[in-house]
Structures are given as C-alpha cells and as structure tokens.
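For reference, the structure is listed below as structure tokens.
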Amino acid sequence: MLHARRAGDVLADRYRLVDLLSESGGGRFWRAHDRVLERHVALHVIAADDPRAELLLEAARRSATVLDARILRVLDAERTDDCCYVVNEWGSGTSLDIMLASNGPLSPRRGAWMVSEVADSIAAAHAHGVAHGLLSPENVLLDNAGSVRIIGFCVDAALHGIPPGDPHHDVVDLAGLLHATLTGRWAGVSPSAVPRAPEKHGRILRPRQVRAGVPRGLDDLCDELLNPRGQKSREVRDLGSARGIQSYLAEFVGDPAGLGPAIAAGNPEKNETVVLPDVPEILARPHPDDWVPPAGAEEQAAEPELDPEPLPEPEPDPEPEVPTQAGLPIFDDENDEVSWLRARDEPAPPPPPFEEPPERPLFAEEARRPRYARPDAGPVVARGDEYWPYDQMRSSGSGVIPAVDELTDTREQVPGRSWLRLAMLVAVALVLLVAVAIAVNLGRGKTPLGAEPDDDSSPSASPTAATPEASPTPLTDLRADDLDPQGDGEENPDEVAAITDGDPATSWGTLTYKQQLGPGGLKRGVGVVVDLGRSRAVSRVDLTLLGEPTSLSLYLSDTVPGNPEALTAVAQAEAAPASTSIDLDGAPTGRYLTIWLTALPGVDGGYKGGIVDLVVAGA
C-alpha cells in the first residue's frame, strides 16, 4: 500500500525513496534516487485508486509537451497496482516563499527581473496551449547559480484536484508574484503559505500602499491585473497576457546582467547533513573490580602449582624514611639530585617579644604656643620633649633663622609702602568728588559737565528715533509642486495646486502609509515646493494642515531642492496643530520655499497628512 512505503524502499524497481519532503491530501512528495541514471529526481506519489490519478497522468503528458530551460521537466509517469507516480527533474535552490520569509521583499528591479523570467516561460507554455495552473511563490525556485526554475508545471495543480488551468489564471498569478516580490505579501488566486496581501473594501491594496518606494509603473501593473477595475497603466501596452507582462518588465529592468547571482548570494545557506565515519573502539585497561578472567583460566588455576624458586631477600634501606615537613622535594639542578625537606629536630625558637612604644600625649599644650618666640627666650620645655622638640630656633627653606614675635618685630618696613597707600586714598577721593559733581548737574537738569542741554537733542526731535516696523505683506502669484525624492518623485501632483487657491474646501494630501515617516520608516519625509517668483524675504508662514499633529521643517533656497535634508532648515515645528503660524527669524531670503512633512497624523489604516491652505508673508 502507498502509506506503507518509507525511506529506503524502491519504487518500480528503479527509484529508491530518500527523503519525504511533504505529505498532504493523500499524496506524498519524495526526493528519490534514480538507480538507472544515477541522479536525484522529484517523485509525486498518490494511491492508484485516487480520483486524481487520471488527472495527474494527463497533467504529466501536457507538461512534457513544453520544452523550456526554466521548467523542471517530467521524466517519467506510471500507474501500477497500488500507486500512481510522476517523476520530475530535481532542482536545488531556494523557493520564493523562503526568500521572502528570510530576506524580506526584493528591490523593485530584482523583483521585476524574477517575474519577467517566470513570465517568459509561462508565455512559451501558453503558446502551446498549456497553463501552469498553480503559479504560487512555492513553485518559483532560484538555484545557487542565480537561474530561475519553475516547479510542478501542470502536475502540482492536478495533485490539488484543479482541472487543466486557464491561461488568465496564470496571468493574475504573475501579477501576484510581482506584488509578493515588492511587498512580501501574496495577492494571486492560487493558494500559498505566504501572508495574504491586505484588502480594503474588497480591493487588494496597491503595492505603494503597503510599502513605500514602489515605482509607479509596477504599481499600476499590479493594480490593473489584481483588481478588475484597477488603475490602468500609463503606457498603452498589452498587459492581459504573459508575453505582454514579460515585455513590460524586461524593458523596466534593462540589462539584467548579474541580478540572478546577486539575489542568490543573499539567500540562506544550504547545510547538508554530514555523516562521520564509524569510530573504532579504543581498548582501555579494565577496572580491577570489572576484570573477567579469560577462558581456560579456571583450568589453569586448578592445576597443581609447582614449587616456585625462592626469591632473594630484599636489602634493607640504608636510611629509614624520614617524614617530611611540607611534602615537597628540593631539586638540585647542578648535581641532578633530589632531597626532601625534613622535619625540624628541635622546635623553632619563639619570635622576640614585642616592645611596647613609649606613651605619647594626645595633646601637647606647647603646640598651642605662639608660632614665633623671642630671640632671648630660653629653651622650650614640653611634656614628652623627646617627641615635641620645640626650641628657640625654627627652620626655613634657606636655613635656620631665629624666630621672633610678630608684635616685637623691629625689622625695617618695605620702602614706599606708605606713599602707595596715600596715593590710593587720594584717587578714591577724586573719583567720589567727580561722581558727586555729575549727580548734582544731572539733578539740576544740565549736562554732566554743567552746560545747558540743547533742545534739538530731545528724543522727540532726534532724527534717529525708532519708527515702527511695517507688518509683512502676504505674497501672491505662488506656484506649488509636490516633492517625493525618496519615492518615485511624485506625491499626488494633481492636488498640490489646491494649497495656494485660498479655498478651504480643496487640499493636497499625501498617500496613506503603513509606517510613520522619519528615520525609522521607509521614508524620512514628503512635501511641497512653493515657487515665490523671485528671491524674496520671508517673515512668516501660515499653514492650515490636514489633521493633527503634524511635524514639519521649512527650507529656503534659490534653486529647486533635490533633497531638502541637504539644506539648513530656517524653521521647524514639532507636533503642530491644524492651524499653525511660523515666524522666521531674520526674514531669510530665497525663491523656493520647501515645506517638508516629517511626521503625519494617524488615520484609519496608517498615517496620512496634507496641507489645506498656505499664506507666505514677507517683502
């Protein structure tokens, strides 16, 4: 029976079953070894009485009619008494579902190249009237050399009980494969273990709504094929067939040299099972308790023992062994001899007694004496004078000099010190006199020097009196363009003119993003560029935003910015409300005002922001 087969069995006296790769729906998928041609093959096996048996054999015949280097060929098909099997060419590599789970979505160019390779083979099969029927990520393989291989052509659909496939079914699955390479989500009609692409109101979300940075052409292709009334491609092309999809993607990719090996280099490594040779037993000496006498030892022990020859008496040791003190040998390197540390014959002498130091006073009254003593004073008598040797002499850095009392110091004073003090007193008195004179003159309404004040110098008549600054004037004739340097260069360009029309009913909005903008997101920001007509001084910018809170930065430049983050921001606003007024310090000048949104308000399904109205005030 089919279920009794296991690894090591031989099917049809030719195919030895090696590894059971999968088992579902009453069928088994094996890696087998062809004993005739000495190669590995893929083996699909179901029971002979299974309703899909005839469908499987018919699918194998149709698959054999398609000759393409990327399609793993059908090598054999047979129906025996207990089973029905199909033998396919064996391919080694990494399937697309494992690549997406391990490395995430591919870049747009690499994803378009993989799908164009699959579409080329599918188009060749459709030309012969044969469809794959189950074109899922599990059936697209990239081998270690970087070549695309297609698995289970016609056969996999038959094993799932699907009748001969419709070519349009393959076309929709090709769009699903492209969606999966760009977003990591499966959007085709065939079953797959890859997570399903999100939907909203019964429509599959476009790749640009799932992941930022998807080119507009690839986004429109997926939307047109996956949604019956999706956005038409901007270019007039036949995208309803596999050949049309292949031509469109091949033109998008351009020169594909090196793309396949580059993708294969990032795939998970394949680690084969290493079988080590048997290790021979290592004979070890048995433990005495576990020793078993060899055969015949009992008979030898039963035989009468012969009188052994007497052994010579051992000679006595010249010196009895003396116990050691430390148990350590002493090596003599010069004489190459070894001696042992012997125990002392006599106990070691005790250590000398500890001598108590003489008692010292905790406080010495003499220490509180004046620092200097009179020259004629006698020697200082202190308690414990052996420790407090005060005398009438003190030491200095240059020798020993007599110590004298500060009160009786009769040394000559520094010359000129009295005159210096007198000059300082006179200077202070003059400063005070001048300050009093100035205060009196000012109190009488005169100048500090005592003159009459000039009437023309009054603040009201001064020609340099401050005049109130004129309020900034709103600028007119503004023109706005969208700015998306980290995507495809466009962010709803048909709506951006609404921010300068003064109509609160119209607005410009961003796309809805699954992730917040910023360093941790797929984009750091989007925005608009406002052309002021010429280089102008900008003092204030009034914004009416779409939703709140919104974080933004303002940039001024004389040229159209390619990437505003390369410039220096003239103002920033974090978590700004819907109505925001931003004053620009110093009224910087420039022709192009860039409003760069760095954080969007949260909405249902993601993050989205925008600008309703804009007023730029300046000169």
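To be explicit about the labels: the chains of the structure tokens are called A, B, and onward in the order shown, and within each one the residues are counted from 1, while ligands get numbers from 1 in the order they are shown.
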
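The helix (DSSP H, G or I) portion of region 491-578 of chain A consists of Pro493, Asp494, Glu495, Val496, Ala497, Ala498, Ile499, Thr500, Pro564, Glu565 and Ala566 of chain A, with states taken from DSSP on the backbone.
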
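Using only C-alpha atoms, the smallest distance between any of A:Arg243, A:Lys446, A:Arg534, A:His179 and Ala119 (chain A) comes from A:Arg243.
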
Inset, instruction - If you run DSSP over the backbone, which residues in region 89-245 of chain A end up strand (DSSP E or B)? Put them as an MDAnalysis selection string. - result: chainID A and resid 89 93:95 140:143 148:150 186 196 199:200 203:204

Same residues, C-alpha atoms, saved as a JSON list (two decimals), in the first residue's frame:
[["chain", "number", "residue", "atom", "x", "y", "z"],
["A", 89, "GLU", "CA", 13.67, 16.73, -12.80],
["A", 93, "GLY", "CA", 17.94, 26.21, -4.66],
["A", 94, "THR", "CA", 15.66, 28.49, -2.63],
["A", 95, "SER", "CA", 11.98, 28.96, -3.37],
["A", 140, "VAL", "CA", 9.27, 29.54, -8.21],
["A", 141, "LEU", "CA", 12.84, 28.49, -7.43],
["A", 142, "LEU", "CA", 16.15, 30.38, -7.66],
["A", 143, "ASP", "CA", 19.07, 27.93, -7.86],
["A", 148, "VAL", "CA", 15.01, 30.86, -12.14],
["A", 149, "ARG", "CA", 13.37, 27.41, -12.22],
["A", 150, "ILE", "CA", 9.63, 26.65, -12.24],
["A", 186, "TRP", "CA", 0.76, 37.21, -1.72],
["A", 196, "ARG", "CA", -2.12, 37.39, 2.21],
["A", 199, "GLU", "CA", -7.55, 44.36, 1.27],
["A", 200, "LYS", "CA", -9.86, 47.32, 1.76],
["A", 203, "ARG", "CA", -9.94, 45.57, -3.32],
["A", 204, "ILE", "CA", -6.34, 44.46, -2.88]]

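Candidate residues A:His128, A:Arg536, A:His169, A:Arg73 were compared for distance to Thr476 (chain A), and the nearest is A:Arg536, using only C-alpha atoms.
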
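Atom to atom, CA of Ile162 (chain A) and CA of Asp19 (chain A) stand 26.0 Å apart.
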
Inset, instruction - Excluding Asp558 (chain A) and residues on its chain fewer than 3 positions from it, collect all residues at most 12 Å away from it, counting only C-alpha atoms, and give them as a list of chain:residue names. - result: A:Val529, A:Val530, A:Asp531, A:Leu532, A:Gly533, A:Arg534, A:Ser535, A:Arg536, A:Ala537, A:Tyr555, A:Pro561, A:Leu567, A:Pro588, A:Thr589, A:Gly590, A:Arg591, A:Tyr592, A:Leu593, A:Thr594

Export of the given selection (C-alpha atoms) as a CSV table (one decimal), in the first residue's frame:
chain,number,residue,atom,x,y,z
A,529,VAL,CA,8.0,73.2,-3.1
A,530,VAL,CA,6.5,76.7,-3.4
A,531,ASP,CA,7.9,79.0,-6.1
A,532,LEU,CA,7.8,82.7,-4.9
A,533,GLY,CA,8.6,84.0,-8.4
A,534,ARG,CA,11.9,85.6,-7.4
A,535,SER,CA,14.2,85.7,-4.3
A,536,ARG,CA,12.0,87.2,-1.5
A,537,ALA,CA,12.5,87.8,2.2
A,555,TYR,CA,13.7,75.4,3.9
A,561,PRO,CA,15.9,71.4,-4.0
A,567,LEU,CA,19.8,72.2,3.3
A,588,PRO,CA,15.7,84.8,5.4
A,589,THR,CA,15.6,85.2,1.6
A,590,GLY,CA,15.1,82.7,-1.2
A,591,ARG,CA,13.0,81.9,-4.2
A,592,TYR,CA,11.8,78.3,-3.3
A,593,LEU,CA,10.1,77.6,0.0
A,594,THR,CA,10.1,73.9,0.8

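Interatomic distance, CA of Leu134 (chain A) to CA of Ala157 (chain A): 5.3 Å.
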
Inset, instruction - May I ask which of the residues A:Leu75, A:Ala180, A:Val612, A:Leu17 is the closest one to Ala505 (chain A), counting only C-alpha atoms? - result: A:Val612
